[in-house]
$ cat data.txt   # compact mmCIF, C-alpha atoms
# COMPACT_ATOMS: atom_id res chain seq x y z
CA MET A 49 39.70 -7.92 -4.57
CA GLU A 50 37.87 -5.34 -2.51
CA LEU A 51 34.18 -6.14 -3.02
CA LEU A 52 32.87 -2.89 -1.59
CA PRO A 53 35.41 -0.17 -2.38
CA ARG A 54 35.11 3.22 -0.77
CA LEU A 55 34.72 6.11 -3.20
CA ASP A 56 35.90 9.68 -2.98
CA PRO A 57 32.87 12.00 -2.46
CA ASP A 58 33.58 13.74 -5.76
CA GLU A 59 33.46 10.38 -7.53
CA VAL A 60 30.18 9.61 -5.77
CA ARG A 61 28.72 12.83 -7.15
CA ARG A 62 30.11 12.20 -10.63
CA LEU A 63 28.62 8.72 -10.81
CA ASP A 64 25.34 9.98 -9.43
CA ARG A 65 25.05 12.64 -12.11
CA ALA A 66 26.03 10.18 -14.83
CA HIS A 67 23.90 7.19 -13.88
CA VAL A 68 21.27 7.78 -11.16
CA PHE A 69 17.77 8.73 -12.34
CA HIS A 70 16.23 10.60 -9.41
CA SER A 71 12.59 10.56 -8.34
CA TRP A 72 10.33 13.64 -8.51
CA SER A 73 13.08 15.63 -10.26
CA ALA A 74 14.07 17.26 -13.52
CA GLN A 75 17.35 15.40 -13.91
CA ASP A 76 19.39 18.29 -15.33
CA LEU A 77 18.27 20.77 -12.68
CA ILE A 78 19.47 18.98 -9.55
CA ASP A 79 22.85 18.61 -7.88
CA PRO A 80 22.51 16.31 -4.86
CA PRO A 81 25.17 16.59 -2.17
CA ALA A 82 27.18 13.48 -1.40
CA ILE A 83 26.69 12.38 2.20
CA VAL A 84 29.87 11.10 3.81
CA SER A 85 28.68 10.29 7.34
CA ALA A 86 25.61 10.25 9.56
CA ARG A 87 24.99 9.61 13.24
CA GLY A 88 22.02 10.19 15.50
CA SER A 89 20.17 13.30 14.35
CA ARG A 90 22.97 14.68 12.17
CA PHE A 91 24.65 14.01 8.84
CA THR A 92 27.63 15.52 7.02
CA ASP A 93 27.99 16.27 3.31
CA HIS A 94 31.02 16.21 0.99
CA THR A 95 31.90 19.82 1.81
CA GLY A 96 32.22 19.01 5.50
CA ARG A 97 29.03 20.82 6.44
CA GLU A 98 27.05 19.11 9.20
CA TYR A 99 23.26 19.30 9.30
CA LEU A 100 20.75 18.70 12.05
CA ASP A 101 18.20 16.48 10.32
CA PHE A 102 14.78 18.04 10.92
CA ALA A 103 13.26 15.97 8.09
CA SER A 104 14.24 12.49 9.32
CA GLN A 105 15.23 12.06 5.66
CA LEU A 106 11.71 11.25 4.37
CA VAL A 107 10.05 11.23 7.81
CA ASN A 108 11.15 7.64 8.27
CA LEU A 109 14.27 7.82 10.42
CA ASN A 110 12.47 7.49 13.74
CA LEU A 111 15.49 6.04 15.57
CA GLY A 112 17.96 8.34 13.86
CA HIS A 113 20.99 7.67 11.69
CA GLN A 114 23.18 4.61 12.30
CA HIS A 115 21.62 3.48 15.56
CA PRO A 116 24.38 1.10 16.68
CA GLU A 117 22.12 -1.61 18.05
CA LEU A 118 19.90 -1.57 14.97
CA VAL A 119 22.94 -1.88 12.72
CA GLU A 120 24.27 -4.70 14.88
CA ALA A 121 20.94 -6.55 14.75
CA ILE A 122 20.91 -6.44 10.94
CA ALA A 123 24.48 -7.76 10.81
CA GLU A 124 23.65 -10.55 13.26
CA ALA A 125 20.55 -11.49 11.25
CA ALA A 126 22.61 -11.58 8.05
CA SER A 127 24.99 -14.05 9.66
CA ARG A 128 22.05 -16.35 10.42
CA MET A 129 19.89 -16.08 7.28
CA THR A 130 20.07 -13.48 4.54
CA THR A 131 16.84 -14.34 2.75
CA MET A 132 14.02 -16.87 2.59
CA ALA A 133 11.02 -17.01 0.27
CA PRO A 134 7.76 -15.77 1.78
CA GLY A 135 6.14 -19.21 1.63
CA PHE A 136 8.30 -20.44 4.51
CA ALA A 137 8.05 -19.65 8.21
CA ALA A 138 11.14 -17.63 9.08
CA GLU A 139 12.22 -16.65 12.59
CA THR A 140 12.44 -12.86 12.25
CA ARG A 141 9.35 -12.73 10.00
CA SER A 142 7.25 -14.52 12.60
CA GLN A 143 8.62 -12.34 15.39
CA ALA A 144 8.03 -9.09 13.51
CA ALA A 145 4.45 -10.06 12.63
CA ALA A 146 3.60 -11.03 16.20
CA MET A 147 5.13 -7.88 17.67
CA THR A 148 3.44 -5.58 15.13
CA ALA A 149 0.07 -7.22 15.72
CA ASP A 150 0.57 -6.82 19.46
CA LYS A 151 0.97 -3.05 19.03
CA ALA A 152 -2.11 -2.70 16.79
CA PRO A 153 -5.54 -1.85 18.21
CA GLY A 154 -8.57 -4.12 18.42
CA ASP A 155 -8.58 -7.40 16.53
CA LEU A 156 -5.97 -6.44 13.94
CA ASP A 157 -3.91 -9.56 14.45
CA SER A 158 -2.37 -10.58 11.09
CA VAL A 159 0.35 -8.85 9.08
CA PHE A 160 0.83 -8.95 5.32
CA PHE A 161 4.37 -7.71 4.75
CA THR A 162 5.34 -5.55 1.77
CA ASN A 163 8.46 -3.72 0.63
CA GLY A 164 7.16 -0.25 1.53
CA GLY A 165 4.17 2.00 2.07
CA ALA A 166 2.93 2.31 -1.52
CA ASP A 167 2.55 -1.42 -2.07
CA ALA A 168 1.01 -1.73 1.40
CA ASN A 169 -1.76 0.60 0.24
CA GLU A 170 -2.07 -1.33 -3.03
CA HIS A 171 -2.68 -4.57 -1.16
CA ALA A 172 -5.01 -2.98 1.39
CA ILE A 173 -7.26 -1.85 -1.47
CA ARG A 174 -7.14 -5.30 -3.06
CA MET A 175 -8.11 -6.93 0.24
CA ALA A 176 -11.00 -4.49 0.75
CA ARG A 177 -12.37 -5.01 -2.76
CA ILE A 178 -12.31 -8.78 -2.51
CA HIS A 179 -13.67 -8.76 1.05
CA THR A 180 -16.64 -6.55 0.15
CA GLY A 181 -17.17 -7.54 -3.47
CA ARG A 182 -17.31 -3.83 -4.30
CA HIS A 183 -15.22 -1.65 -6.61
CA LYS A 184 -15.12 2.00 -5.52
CA VAL A 185 -12.58 3.43 -3.10
CA LEU A 186 -12.90 6.87 -1.47
CA ALA A 187 -9.71 8.78 -0.74
CA ALA A 188 -9.12 12.33 0.44
CA TYR A 189 -7.82 15.34 -1.39
CA ARG A 190 -4.66 16.70 0.28
CA SER A 191 -3.24 13.18 0.62
CA TYR A 192 -0.32 11.12 -0.55
CA HIS A 193 -0.43 7.32 -0.57
CA GLY A 194 2.57 6.27 -2.68
CA GLY A 195 4.08 6.13 -6.13
CA THR A 196 2.66 2.86 -7.53
CA ALA A 197 -0.42 2.76 -9.75
CA ALA A 198 -3.27 2.31 -7.26
CA ALA A 199 -1.53 4.26 -4.49
CA MET A 200 -0.95 7.15 -6.88
CA ALA A 201 -4.60 7.09 -7.95
CA LEU A 202 -5.58 7.38 -4.27
CA THR A 203 -3.30 10.37 -3.86
CA GLY A 204 -5.17 13.67 -3.70
CA GLU A 205 -2.48 16.15 -4.75
CA PRO A 206 -0.55 17.21 -7.87
CA ARG A 207 1.92 14.32 -7.86
CA ARG A 208 -0.99 12.21 -9.14
CA TRP A 209 -1.51 14.23 -12.30
CA GLY A 210 1.38 12.84 -14.32
CA SER A 211 0.15 9.27 -13.84
CA GLU A 212 -3.41 9.79 -15.04
CA PRO A 213 -5.42 8.03 -16.32
CA SER A 214 -4.63 4.89 -14.37
CA PHE A 215 -6.37 2.88 -11.67
CA THR A 216 -10.18 3.06 -11.84
CA GLY A 217 -12.84 3.40 -9.18
CA VAL A 218 -11.21 6.05 -6.96
CA VAL A 219 -13.40 8.95 -5.80
CA HIS A 220 -11.86 11.86 -3.91
CA TYR A 221 -13.48 13.78 -1.05
CA TRP A 222 -12.44 16.70 1.17
CA GLY A 223 -11.15 15.92 4.63
CA PRO A 224 -11.08 18.30 7.61
CA TYR A 225 -8.64 21.23 7.62
CA ALA A 226 -10.01 23.91 9.93
CA TYR A 227 -7.39 26.55 9.07
CA ARG A 228 -8.38 26.42 5.38
CA SER A 229 -11.84 24.92 5.65
CA SER A 230 -13.54 23.65 2.52
CA PHE A 231 -16.80 23.87 4.48
CA HIS A 232 -16.64 27.52 5.70
CA SER A 233 -16.43 26.28 9.28
CA ASP A 234 -15.76 28.56 12.25
CA GLY A 235 -13.81 26.05 14.34
CA GLU A 236 -12.70 22.48 14.89
CA GLU A 237 -16.07 21.19 16.10
CA GLN A 238 -18.00 22.58 13.16
CA GLU A 239 -15.26 21.44 10.76
CA CYS A 240 -15.66 17.90 12.08
CA GLU A 241 -19.44 17.94 11.67
CA ARG A 242 -19.35 19.39 8.16
CA ALA A 243 -16.51 17.17 6.95
CA LEU A 244 -18.40 14.08 8.12
CA ALA A 245 -21.59 15.32 6.48
CA HIS A 246 -19.70 15.86 3.23
CA LEU A 247 -18.19 12.36 3.42
CA ARG A 248 -21.61 10.83 4.06
CA GLN A 249 -23.06 12.66 1.07
CA THR A 250 -20.19 11.46 -1.09
CA VAL A 251 -20.84 7.85 -0.05
CA GLU A 252 -24.56 8.26 -0.70
CA VAL A 253 -24.20 9.70 -4.20
CA GLU A 254 -21.55 7.15 -5.16
CA GLY A 255 -23.75 4.31 -3.88
CA PRO A 256 -23.01 2.77 -0.47
CA GLY A 257 -23.26 -0.70 -1.98
CA GLN A 258 -20.54 0.23 -4.47
CA VAL A 259 -17.95 1.52 -1.98
CA ALA A 260 -15.36 -1.01 -0.84
CA ALA A 261 -13.20 1.25 1.31
CA ILE A 262 -12.55 4.69 2.69
CA VAL A 263 -8.82 5.37 2.80
CA LEU A 264 -7.30 8.18 4.85
CA GLU A 265 -4.01 9.20 6.37
CA THR A 266 -4.75 9.21 10.09
CA ILE A 267 -2.74 12.43 10.25
CA VAL A 268 -2.19 13.89 6.80
CA GLY A 269 1.57 13.98 6.27
CA THR A 270 3.29 15.69 3.34
CA ASN A 271 0.19 17.74 2.57
CA GLY A 272 0.22 19.66 5.81
CA VAL A 273 0.34 17.60 9.04
CA LEU A 274 -3.42 17.92 9.28
CA VAL A 275 -4.45 16.54 12.66
CA PRO A 276 -8.11 15.46 12.51
CA PRO A 277 -10.50 17.17 14.94
CA ASP A 278 -11.75 15.08 17.83
CA GLY A 279 -14.65 12.93 16.72
CA TYR A 280 -13.76 12.81 13.03
CA LEU A 281 -12.15 9.37 12.92
CA ALA A 282 -14.89 7.96 15.14
CA GLY A 283 -17.43 9.40 12.71
CA VAL A 284 -15.68 7.76 9.75
CA ARG A 285 -15.67 4.48 11.68
CA GLU A 286 -19.42 4.76 12.30
CA LEU A 287 -20.11 5.55 8.64
CA CYS A 288 -18.07 2.54 7.52
CA ASP A 289 -19.89 0.28 9.98
CA GLU A 290 -23.27 1.56 8.81
CA TYR A 291 -22.63 0.69 5.18
CA GLY A 292 -20.24 -2.27 5.47
CA ILE A 293 -17.30 -0.25 4.13
CA VAL A 294 -13.70 -1.14 5.00
CA MET A 295 -11.86 1.62 6.87
CA ILE A 296 -8.19 1.81 5.87
CA ALA A 297 -5.86 3.96 7.98
CA ASP A 298 -2.67 4.87 6.15
CA GLU A 299 -0.13 5.12 8.98
CA VAL A 300 2.94 4.91 6.75
CA MET A 301 4.18 8.24 8.11
CA ALA A 302 2.25 8.68 11.37
CA GLY A 303 2.72 5.16 12.75
CA PHE A 304 5.37 3.69 15.02
CA GLY A 305 5.75 6.58 17.41
CA ARG A 306 5.87 9.54 15.06
CA ALA A 307 2.62 10.94 16.50
CA GLY A 308 3.42 9.97 20.09
CA GLU A 309 1.58 6.62 20.04
CA TRP A 310 2.35 3.27 18.48
CA PHE A 311 -0.29 4.17 15.90
CA ALA A 312 -1.87 7.59 15.52
CA VAL A 313 -5.39 6.12 15.67
CA ASP A 314 -4.68 5.35 19.33
CA HIS A 315 -5.03 9.08 20.11
CA TRP A 316 -8.75 8.75 19.34
CA ASP A 317 -9.29 5.11 20.39
CA VAL A 318 -10.47 4.12 16.91
CA THR A 319 -9.86 0.72 15.32
CA PRO A 320 -9.75 0.61 11.50
CA ASP A 321 -10.19 -2.61 9.53
CA LEU A 322 -6.76 -2.30 7.94
CA ILE A 323 -3.67 -0.28 8.91
CA THR A 324 -0.88 0.26 6.42
CA PHE A 325 2.62 0.96 7.73
CA ALA A 326 6.27 1.36 6.67
CA LYS A 327 8.85 4.10 7.42
CA GLY A 328 9.10 4.14 11.23
CA VAL A 329 8.69 0.38 11.71
CA ASN A 330 12.46 0.06 11.25
CA SER A 331 13.52 3.62 10.38
CA GLY A 332 14.00 2.58 6.76
CA TYR A 333 17.26 0.74 7.48
CA VAL A 334 16.01 -2.07 5.21
CA PRO A 335 12.91 -1.62 2.99
CA LEU A 336 9.79 -2.86 4.79
CA GLY A 337 6.08 -2.10 4.96
CA GLY A 338 2.88 -3.98 5.54
CA VAL A 339 -0.84 -4.21 6.14
CA ILE A 340 -2.22 -5.11 9.57
CA VAL A 341 -5.39 -7.09 8.95
CA SER A 342 -8.57 -7.44 11.03
CA GLY A 343 -10.01 -10.81 11.97
CA ALA A 344 -12.98 -10.44 9.61
CA ILE A 345 -10.80 -9.72 6.57
CA ARG A 346 -8.35 -12.47 7.56
CA GLU A 347 -11.33 -14.86 7.63
CA THR A 348 -12.27 -13.92 4.05
CA PHE A 349 -9.02 -15.53 2.97
CA GLY A 350 -9.17 -18.46 5.35
CA GLN A 351 -10.39 -20.89 2.67
CA ARG A 352 -9.80 -18.63 -0.31
CA SER A 353 -6.39 -17.85 -1.73
CA TYR A 354 -5.29 -14.23 -1.51
CA PRO A 355 -4.25 -13.16 -5.03
CA GLY A 356 -1.07 -11.29 -4.29
CA GLY A 357 2.49 -11.53 -3.05
CA LEU A 358 6.04 -10.24 -3.38
CA THR A 359 9.41 -11.95 -3.82
CA TYR A 360 10.91 -10.01 -0.93
CA GLN A 361 7.82 -10.09 1.26
CA GLY A 362 8.73 -10.27 4.92
CA HIS A 363 12.44 -10.22 4.07
CA PRO A 364 14.35 -11.73 7.02
CA LEU A 365 16.82 -8.84 7.29
CA ALA A 366 14.05 -6.23 7.11
CA CYS A 367 12.01 -8.09 9.70
CA ALA A 368 15.06 -8.44 11.95
CA SER A 369 15.48 -4.68 11.88
CA ALA A 370 11.79 -4.27 12.75
CA VAL A 371 12.08 -6.64 15.73
CA ALA A 372 15.17 -4.84 17.01
CA SER A 373 13.56 -1.46 16.46
CA MET A 374 10.44 -2.35 18.42
CA ARG A 375 12.54 -3.75 21.26
CA ILE A 376 14.51 -0.49 21.38
CA PHE A 377 11.22 1.44 21.39
CA GLU A 378 10.00 -0.58 24.36
CA ARG A 379 13.24 -0.48 26.36
CA ASP A 380 13.91 3.23 25.85
CA ASP A 381 10.27 4.38 25.98
CA ILE A 382 10.59 6.03 22.58
CA ILE A 383 6.81 6.54 22.46
CA GLY A 384 6.90 8.50 25.71
CA ARG A 385 9.92 10.48 24.54
CA ALA A 386 8.15 11.40 21.30
CA ARG A 387 5.06 12.51 23.20
CA SER A 388 7.16 14.59 25.58
CA LEU A 389 9.14 16.23 22.77
CA GLY A 390 5.89 17.34 21.19
CA GLU A 391 4.13 18.50 24.34
CA ASP A 392 7.07 20.05 26.19
CA VAL A 393 9.50 21.24 23.50
CA ILE A 394 8.28 21.38 19.89
CA GLY A 395 4.73 22.59 20.44
CA PRO A 396 5.58 25.34 22.95
CA GLY A 397 8.66 26.32 20.95
CA LEU A 398 6.77 26.70 17.69
CA ARG A 399 3.99 28.67 19.36
CA GLU A 400 6.57 31.10 20.73
CA ILE A 401 8.12 31.41 17.28
CA ALA A 402 4.69 32.12 15.80
CA GLN A 403 4.27 35.12 18.10
CA ARG A 404 7.47 36.66 16.74
CA HIS A 405 6.85 36.16 13.02
CA PRO A 406 3.98 37.65 10.99
CA SER A 407 4.68 35.03 8.31
CA VAL A 408 3.48 32.21 10.57
CA GLY A 409 -0.21 31.62 9.99
CA ASP A 410 -0.69 28.33 11.82
CA VAL A 411 1.21 25.79 13.91
CA ARG A 412 -0.14 22.27 14.38
CA GLY A 413 0.99 18.74 15.19
CA LEU A 414 1.29 15.84 17.60
CA GLY A 415 4.29 13.96 18.93
CA VAL A 416 7.24 14.67 16.64
CA MET A 417 5.08 15.51 13.62
CA TRP A 418 4.51 19.28 13.24
CA ALA A 419 4.01 21.88 10.55
CA VAL A 420 4.50 25.64 10.42
CA GLU A 421 2.23 27.14 7.77
CA LEU A 422 3.60 30.35 6.27
CA VAL A 423 1.46 33.18 4.90
CA ARG A 424 1.82 36.60 3.31
CA ASP A 425 -1.04 38.00 5.36
CA ARG A 426 -2.39 36.58 8.61
CA GLU A 427 -5.76 38.22 8.14
CA THR A 428 -6.46 36.86 4.66
CA ARG A 429 -4.36 33.72 5.20
CA GLU A 430 -2.88 34.12 1.73
CA PRO A 431 -0.18 31.41 1.46
CA LEU A 432 3.44 32.53 1.27
CA VAL A 433 3.59 30.71 -2.09
CA PRO A 434 0.67 29.64 -4.31
CA PHE A 435 -0.64 26.08 -4.40
CA ASN A 436 1.68 23.82 -6.42
CA ALA A 437 4.07 26.73 -6.98
CA THR A 438 7.12 26.24 -9.19
CA GLY A 439 9.97 28.43 -10.40
CA SER A 440 9.99 32.02 -9.20
CA ASP A 441 6.56 31.59 -7.57
CA ALA A 442 8.11 29.09 -5.14
CA ALA A 443 11.17 31.24 -4.44
CA PRO A 444 10.18 32.49 -0.95
CA MET A 445 10.02 28.93 0.42
CA GLY A 446 13.31 28.17 -1.29
CA GLU A 447 14.83 31.15 0.47
CA VAL A 448 13.60 29.91 3.85
CA ALA A 449 15.04 26.44 3.18
CA ALA A 450 18.36 27.93 2.07
CA ALA A 451 18.57 30.04 5.23
CA CYS A 452 18.02 26.93 7.34
CA LYS A 453 20.68 24.95 5.49
CA LYS A 454 23.20 27.79 5.68
CA SER A 455 22.94 27.59 9.48
CA GLY A 456 23.19 23.81 9.62
CA LEU A 457 19.55 22.74 9.69
CA TRP A 458 18.13 20.37 7.06
CA PRO A 459 14.42 21.24 6.85
CA MET A 460 11.45 19.50 5.28
CA VAL A 461 9.66 22.03 3.08
CA SER A 462 6.34 21.20 1.42
CA GLY A 463 4.10 23.75 -0.25
CA ASN A 464 3.92 26.81 2.00
CA ARG A 465 4.96 24.87 5.08
CA VAL A 466 8.05 23.91 7.00
CA HIS A 467 7.53 20.53 8.66
CA VAL A 468 9.31 19.84 11.94
CA VAL A 469 9.87 16.09 11.96
CA PRO A 470 13.29 15.19 13.46
CA PRO A 471 14.11 11.65 14.64
CA LEU A 472 12.24 10.63 17.78
CA THR A 473 15.60 10.13 19.49
CA THR A 474 16.61 13.77 19.03
CA SER A 475 17.43 15.33 22.38
CA PRO A 476 15.42 18.29 23.71
CA ASP A 477 18.54 20.47 23.41
CA GLU A 478 19.02 19.46 19.77
CA VAL A 479 15.38 20.25 19.06
CA ARG A 480 15.79 23.68 20.66
CA GLU A 481 18.92 24.21 18.55
CA GLY A 482 16.94 23.43 15.40
CA LEU A 483 14.03 25.64 16.44
CA ALA A 484 16.43 28.53 17.04
CA ILE A 485 17.76 28.18 13.50
CA LEU A 486 14.23 28.01 12.12
CA ASP A 487 13.29 31.07 14.17
CA GLU A 488 16.11 33.03 12.55
CA ALA A 489 15.35 31.73 9.05
CA LEU A 490 11.72 32.82 9.26
CA SER A 491 12.86 36.45 9.08
CA VAL A 492 13.31 35.67 5.36
CA ALA A 493 9.62 34.76 5.15
CA ASP A 494 8.64 37.85 7.12
CA ALA A 495 10.16 39.99 4.37
CA HIS A 496 7.44 38.72 2.03
CA THR A 497 4.52 39.58 4.31
CA ALA A 498 2.08 42.41 3.77
$ encode --input "data.txt" --output "structure tokens"
Amino acid sequence: MELLPRLDPDEVRRLDRAHVFHSWSAQDLIDPPAIVSARGSRFTDHTGREYLDFASQLVNLNLGHQHPELVEAIAEAASRMTTMAPGFAAETRSQAAAMTADKAPGDLDSVFFTNGGADANEHAIRMARIHTGRHKVLAAYRSYHGGTAAAMALTGEPRRWGSEPSFTGVVHYWGPYAYRSSFHSDGEEQECERALAHLRQTVEVEGPGQVAAIVLETIVGTNGVLVPPDGYLAGVRELCDEYGIVMIADEVMAGFGRAGEWFAVDHWDVTPDLITFAKGVNSGYVPLGGVIVSGAIRETFGQRSYPGGLTYQGHPLACASAVASMRIFERDDIIGRARSLGEDVIGPGLREIAQRHPSVGDVRGLGVMWAVELVRDRETREPLVPFNATGSDAAPMGEVAAACKKSGLWPMVSGNRVHVVPPLTTSPDEVREGLAILDEALSVADAHTA
């Protein structure tokens, strides 16, 4: 008996349509392609069309598709130990925790493993509330923190709406976004000052003694690749220290090399109290996430039981893939490669593209985490499509995505932006190939400009 039979791609699609309930989708309106192979920065669908993956799937495939050594490490780990309950000390779990803590800044020295980023944020909030004895949590608009109850409540964008009402005690605030400033700022420096003043006022009117944590994506991901201005994260750190508030940095997307550092906070030499991670820790080969915990919060639970856990917490196969991934990062200087791709290839390439296309309003990013914001009018900065556009209103971005795919580029499109987030192992020539396709596709957006 063949325990894992191979299916014809048409059968894969038939079974998918009959039995798979897809996330974030109207089930009758989608027709997912069947993927038959993937390697490095490319994958091939059932029609034989090959795509250069400029989305890293869901911005998690930092080491690319089917990295042979990562696959081999998972197979080797499976031959040793497939699973072990989280109450035991397991070899790969211990290794992964020690290596992750070693990469983290400051005194963040303990790791609470989870199955992904959403539950990492759930547990970070729980830790902060118990540690401080407070209830409220401040989270930014233009953010996404995951699809579980508390993580969704933290989220500051429309995907939250369908889950309300839910988790209590979350207060949203506006973070910095100089291109579309909520504070009428005239530049990055003023945006930083006014965003911090707004955050302080929010803390004050909510009651500093009531606020357990401030949660933020170090670099906002799906909602725009919003790189914070210099001084902003340090200002948040100072505000948290002043009022005894826990600072939680959500690095689910930006961590593990995506922004050109082990953790994006390292760009600004800021140490949060908790860092949540997932995605790039092992490129999503096996589900894994976690919370990196400061000494002070670890001490809170030194003689007091932490009220939380997961059956698959610190799964040996997932942790094995994390250990192997981090060793590959170190050996091949993946962090340096990511930084170089951003500084020498992606950034300059996108800025050149912007000069040729009136539809490009802004280009921003770090490492291998960039966004091209598209507009109808550069002067007014009117977005190419309205906020939360659907149907015909969203058509121009759909046309841009279709033009990319027709030429063999799989883009990440979010709102009025195309995000440029290929695997960190993508070669400079492959990046230039993808940018050339994007350059051509943007002529579709130009047709919608004033």
$ residues_around --input "data.txt" --residues "Asn110 (chain A)" --least-positions-apart "6" --cutoff "12 Å" --atoms "only C-alpha atoms" --output "PyMOL selection string"
chain A and resi 88-89+101-104+118+301-308+310+326-333+370+373-374+376-377+382-383+385-386+415-417+469-474
$ atom_distance --input "data.txt" --atom1 "CA of Ala419 (chain A)" --atom2 "CA of Leu483 (chain A)"
12.2 Å
$ closest_residue --input "data.txt" --among "A:Trp316, A:Arg90, A:Ser127, A:Val468" --to "Gly112 (chain A)" --atoms "only C-alpha atoms"
A:Arg90
$ residues_near_point --input "data.txt" --point "(1.8, 15.5, 9.8)" --cutoff "12 Å" --atoms "all atoms listed in the file" --output "PDB file with C-alpha atoms, in the coordinates of the input"
ATOM      1  CA  ALA A 103      13.260  15.970   8.090  1.00  0.00           C
ATOM      2  CA  VAL A 107      10.050  11.230   7.810  1.00  0.00           C
ATOM      3  CA  ARG A 190      -4.660  16.700   0.280  1.00  0.00           C
ATOM      4  CA  SER A 191      -3.240  13.180   0.620  1.00  0.00           C
ATOM      5  CA  TYR A 192      -0.320  11.120  -0.550  1.00  0.00           C
ATOM      6  CA  GLU A 265      -4.010   9.200   6.370  1.00  0.00           C
ATOM      7  CA  THR A 266      -4.750   9.210  10.090  1.00  0.00           C
ATOM      8  CA  ILE A 267      -2.740  12.430  10.250  1.00  0.00           C
ATOM      9  CA  VAL A 268      -2.190  13.890   6.800  1.00  0.00           C
ATOM     10  CA  GLY A 269       1.570  13.980   6.270  1.00  0.00           C
ATOM     11  CA  THR A 270       3.290  15.690   3.340  1.00  0.00           C
ATOM     12  CA  ASN A 271       0.190  17.740   2.570  1.00  0.00           C
ATOM     13  CA  GLY A 272       0.220  19.660   5.810  1.00  0.00           C
ATOM     14  CA  VAL A 273       0.340  17.600   9.040  1.00  0.00           C
ATOM     15  CA  LEU A 274      -3.420  17.920   9.280  1.00  0.00           C
ATOM     16  CA  VAL A 275      -4.450  16.540  12.660  1.00  0.00           C
ATOM     17  CA  PRO A 276      -8.110  15.460  12.510  1.00  0.00           C
ATOM     18  CA  GLU A 299      -0.130   5.120   8.980  1.00  0.00           C
ATOM     19  CA  VAL A 300       2.940   4.910   6.750  1.00  0.00           C
ATOM     20  CA  MET A 301       4.180   8.240   8.110  1.00  0.00           C
ATOM     21  CA  ALA A 302       2.250   8.680  11.370  1.00  0.00           C
ATOM     22  CA  GLY A 303       2.720   5.160  12.750  1.00  0.00           C
ATOM     23  CA  ARG A 306       5.870   9.540  15.060  1.00  0.00           C
ATOM     24  CA  ALA A 307       2.620  10.940  16.500  1.00  0.00           C
ATOM     25  CA  GLY A 308       3.420   9.970  20.090  1.00  0.00           C
ATOM     26  CA  ALA A 312      -1.870   7.590  15.520  1.00  0.00           C
ATOM     27  CA  VAL A 411       1.210  25.790  13.910  1.00  0.00           C
ATOM     28  CA  ARG A 412      -0.140  22.270  14.380  1.00  0.00           C
ATOM     29  CA  GLY A 413       0.990  18.740  15.190  1.00  0.00           C
ATOM     30  CA  LEU A 414       1.290  15.840  17.600  1.00  0.00           C
ATOM     31  CA  GLY A 415       4.290  13.960  18.930  1.00  0.00           C
ATOM     32  CA  VAL A 416       7.240  14.670  16.640  1.00  0.00           C
ATOM     33  CA  MET A 417       5.080  15.510  13.620  1.00  0.00           C
ATOM     34  CA  TRP A 418       4.510  19.280  13.240  1.00  0.00           C
ATOM     35  CA  ALA A 419       4.010  21.880  10.550  1.00  0.00           C
ATOM     36  CA  VAL A 420       4.500  25.640  10.420  1.00  0.00           C
ATOM     37  CA  GLU A 421       2.230  27.140   7.770  1.00  0.00           C
ATOM     38  CA  MET A 460      11.450  19.500   5.280  1.00  0.00           C
ATOM     39  CA  SER A 462       6.340  21.200   1.420  1.00  0.00           C
ATOM     40  CA  ARG A 465       4.960  24.870   5.080  1.00  0.00           C
ATOM     41  CA  VAL A 466       8.050  23.910   7.000  1.00  0.00           C
ATOM     42  CA  HIS A 467       7.530  20.530   8.660  1.00  0.00           C
ATOM     43  CA  VAL A 468       9.310  19.840  11.940  1.00  0.00           C
ATOM     44  CA  VAL A 469       9.870  16.090  11.960  1.00  0.00           C
TER      45      VAL A 469
END
$ residues_around --input "data.txt" --residues "Ala443 (chain A)" --least-positions-apart "5" --cutoff "10 Å" --atoms "all atoms listed in the file" --output "count of residues only"
6
$ closest_residue --input "data.txt" --among "A:Arg424, A:His67, A:Arg177, A:Arg352" --to "Val294 (chain A)" --atoms "all atoms listed in the file"
A:Arg177
$ closest_residue --input "data.txt" --among "A:Arg426, A:His94, A:Arg61, A:Arg141" --to "Val371 (chain A)" --atoms "all atoms listed in the file"
A:Arg141
$ atom_distance --input "data.txt" --atom1 "CA of Arg387 (chain A)" --atom2 "CA of Tyr280 (chain A)"
21.4 Å
